[in-house]
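Student: Encoded as structure tokens, here's the structure I'll be asking about.
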Amino acid sequence: EITFQTDYTQPLGKDQTLEFGAKAIFRNTGSRADVDTLNAATGTDFGRDQTRATNFDYDQNVQALYGIYSFKLGKKLNMSLGTRAERTDLSADFRTTETGFARDYISVLPNGSAQYAINDTTSLRLAYSRRITRPYIDFLNPFRNRIDPSNISYGNPELDPELTDSYELSYNTIVRRVSLNMSLSARRTDNAIEQVLLPPNAQGVTESTFRNVAANAYYQFNIYFSAKPLPKWDISGGPDVQYITRRSPALGIRRKGFTGGLNLNTSYRLPNDFTLSSFAFGSLPMPDLQGRGPANLFYGFAVKKELFKKKVDLTVNAFNIFNSYWPYQNKLNTPNFTET
């Protein structure tokens, strides 16, 4: 990966600024793997199995131009308006399947924000942006993964990028030793890339691939705080609640529901340059296009000792020490089949 970038900022009077720049990213990747398979019909010798090999090259080149105009309206309102234009040039050669593609497209990605200062420590911010998410190479590679012969997966080289429109209203304040951020946001993607599980065939084998088949919307309320109850004690984190809708006319599926999560971090400085810290992250199951994903829980504890006049840190970590395992369960429910 090679990146070239240049940026320029020009003040226009006291309360106005113009920024613009250019960026170019050149990416090249590939993968080659051969598989030797035991052929029971011919004896005990292993032979090269071309149907399980993978061999491809992939190039992704992006050139972008952007501009942002920032200005003030009065003493308390700061605003910015901008846009970004990107040209994406893709090419792939999947030699194993004797397929490939070459395509290019231009994406225009506007953005803007307005921030109002209620006082010196409190502000409101309203923002909009459009973002592009290009499909990962694993989503594009048509190589058929047969490690599990009952569940075969492969990519789709015809995938288009996702375009997401985001809107956010946030409130920020500082009260004594507590910093608080509350935000209400909405994101919508009309051509979302989803992993699609196909109905089992006559032999009971299921196949999964990726398609642009969904329109997804996320409505999110988030609280994040950081506090210092004591001079040597820090604590931060907060809850997150989302309402998600997923709709796919192509598959005849509509999903909606709530999910949420909680993230907490804390640390306390002890004498002799010791620090105790811990964290916890948990999330509820999330509605997927064809079912519901798993819940998650991850937590840890750490002891840190600073050595050699605080030039070296020695840290001992312990993760999930009260769990021998965590069950990740996916439930799929489609008009054609169900799976757990």
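Residue names in the structure tokens use chain letters A, B, ... in the order shown, residue numbers from 1 in each chain, and ligand numbers from 1 in the order shown.
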Can you pull out the residues contacting region 92-109 of chain A? Cut-off 6 Å, using only C-alpha atoms, and skip same-chain residues under 2 positions away; I want them as a list in words.
Tutor: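 Close residues of region 92-109 of chain A: Thr54, Asn55, Phe56, Asp57, Tyr58, Thr83, Arg84, Ala85, Glu86, Arg87, Thr88, Asp89, Leu90 and Arg130 of chain A.
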Student: Mind writing the picked residues with N, CA and C atoms as a compact mmCIF listing (two decimals), in the first residue's frame?
Tutor:
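Dumped to selection08.txt:
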```
# COMPACT_ATOMS: atom_id res chain seq x y z
N THR A 54 -6.49 -21.63 -4.42
CA THR A 54 -6.85 -20.23 -4.65
C THR A 54 -5.63 -19.50 -5.18
N ASN A 55 -5.87 -18.60 -6.13
CA ASN A 55 -4.78 -17.88 -6.78
C ASN A 55 -5.37 -16.61 -7.38
N PHE A 56 -5.08 -15.48 -6.78
CA PHE A 56 -5.64 -14.24 -7.33
C PHE A 56 -4.74 -13.06 -7.01
N ASP A 57 -4.89 -12.01 -7.82
CA ASP A 57 -4.29 -10.70 -7.59
C ASP A 57 -5.41 -9.67 -7.57
N TYR A 58 -5.25 -8.64 -6.74
CA TYR A 58 -6.29 -7.63 -6.60
C TYR A 58 -5.65 -6.27 -6.43
N THR A 83 -17.20 18.84 0.79
CA THR A 83 -17.49 17.68 -0.05
C THR A 83 -16.20 16.99 -0.41
N ARG A 84 -16.32 15.74 -0.77
CA ARG A 84 -15.17 14.93 -1.16
C ARG A 84 -15.57 14.13 -2.38
N ALA A 85 -14.74 14.16 -3.40
CA ALA A 85 -14.98 13.38 -4.61
C ALA A 85 -13.89 12.32 -4.73
N GLU A 86 -14.30 11.08 -4.90
CA GLU A 86 -13.35 9.98 -4.96
C GLU A 86 -13.55 9.18 -6.26
N ARG A 87 -12.45 8.85 -6.87
CA ARG A 87 -12.47 7.93 -8.01
C ARG A 87 -11.83 6.61 -7.58
N THR A 88 -12.55 5.54 -7.73
CA THR A 88 -12.07 4.22 -7.35
C THR A 88 -11.83 3.39 -8.60
N ASP A 89 -10.66 2.79 -8.70
CA ASP A 89 -10.28 1.96 -9.84
C ASP A 89 -9.93 0.57 -9.30
N LEU A 90 -10.70 -0.44 -9.68
CA LEU A 90 -10.53 -1.79 -9.18
C LEU A 90 -10.21 -2.75 -10.33
N ARG A 130 -21.78 11.71 4.30
CA ARG A 130 -21.98 10.51 3.48
C ARG A 130 -20.64 9.81 3.36
```
Student: I'd like to know which residues of region 9-81 of chain A are strand (DSSP E) (by DSSP, run on the backbone); could you write them as number ranges by chain?
Tutor: A: 9-11, 16-33, 36-38, 46-48, 54-73, 77-81
Student: For Ile235 (chain A), which of A:Arg187, A:Lys14, A:Arg247, A:Arg177 is the closest residue, counting only C-alpha atoms?
Tutor: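 For Ile235 (chain A), the nearest of the candidates is A:Arg177.
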Student: Could you list, as number ranges by chain, every residue within 9 Å of region 265-272 of chain A, counting only C-alpha atoms and ignoring same-chain residues fewer than 4 positions away?
Tutor: A: 232-237, 276-281, 305-306
Student: Output C-alpha atoms of each residue in that selection to a file, as a compact mmCIF listing (two decimals), in the first residue's frame.
Tutor:
```
# COMPACT_ATOMS: atom_id res chain seq x y z
CA LYS A 232 -5.78 9.00 41.45
CA TRP A 233 -8.98 7.34 40.20
CA ASP A 234 -10.25 7.55 36.61
CA ILE A 235 -13.44 6.02 35.25
CA SER A 236 -15.04 6.25 31.79
CA GLY A 237 -17.56 4.55 29.53
CA LEU A 276 -4.62 -1.20 38.88
CA SER A 277 -7.09 -1.16 35.98
CA SER A 278 -10.05 -3.08 34.63
CA PHE A 279 -12.53 -2.93 31.78
CA ALA A 280 -15.75 -4.62 30.71
CA PHE A 281 -17.62 -4.70 27.41
CA LYS A 305 4.41 -1.28 37.24
CA GLU A 306 6.51 1.63 35.93
```
Student: Please determine, counting only C-alpha atoms, which residue among A:Leu197, A:Gly260, A:Gly82, A:Arg246 has the shortest atom-to-atom distance to Lys331 (chain A).
Tutor: A:Leu197
Student: Work out how far apart CA of Ser129 (chain A) and CA of Ser166 (chain A) are and give it in Å to one decimal.
Tutor: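 That distance, rounded to one decimal, is 5.3 Å.
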Student: Please identify which residues in region 76-255 of chain A DSSP calls helix (DSSP H, G or I) from the backbone, and express them as a PyMOL selection string.
Tutor: chain A and resi 137-140
Student: Mind checking which residues fall within 7 Å of Arg188 (chain A), counting only C-alpha atoms, ignoring those fewer than 5 positions away in the same chain, and posting them as a ChimeraX atom specification?
Tutor: /A:164-166,216-218
Student: Just checking: using only C-alpha atoms, which residue out of A:Val62, A:Asp273, A:Gly204, A:Lys228 ends up closest to Asp313 (chain A)?
Tutor: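 Among the listed residues, the smallest separation from Asp313 (chain A) belongs to A:Asp273.
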Student: Got a sec: who's within 8 Å of Ser179 (chain A), counting only C-alpha atoms, leaving out chain neighbours fewer than 5 positions off, as a list in words?
Tutor: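 Counting only C-alpha atoms, the residues come to Asn172, Thr173, Ile174, Phe225, Ser226 and Ala227 of chain A.
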Student: For the residues in the current selection, export C-alpha atoms as a CSV table (one decimal), in the first residue's frame.
Tutor:
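Final output, saved to again32.csv:
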```
chain,number,residue,atom,x,y,z
A,172,ASN,CA,-21.2,18.0,25.3
A,173,THR,CA,-20.6,19.4,28.7
A,174,ILE,CA,-18.0,19.5,31.5
A,225,PHE,CA,-18.6,10.0,30.3
A,226,SER,CA,-15.2,10.3,31.9
A,227,ALA,CA,-14.8,11.2,35.5
```
Student: One decimal, Å: what's the distance from CA of Gly293 (chain A) over to CA of Phe337 (chain A), could you say?
Tutor: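 Taking CA of Gly293 (chain A) as the start and CA of Phe337 (chain A) as the end point, the length is 16.6 Å.
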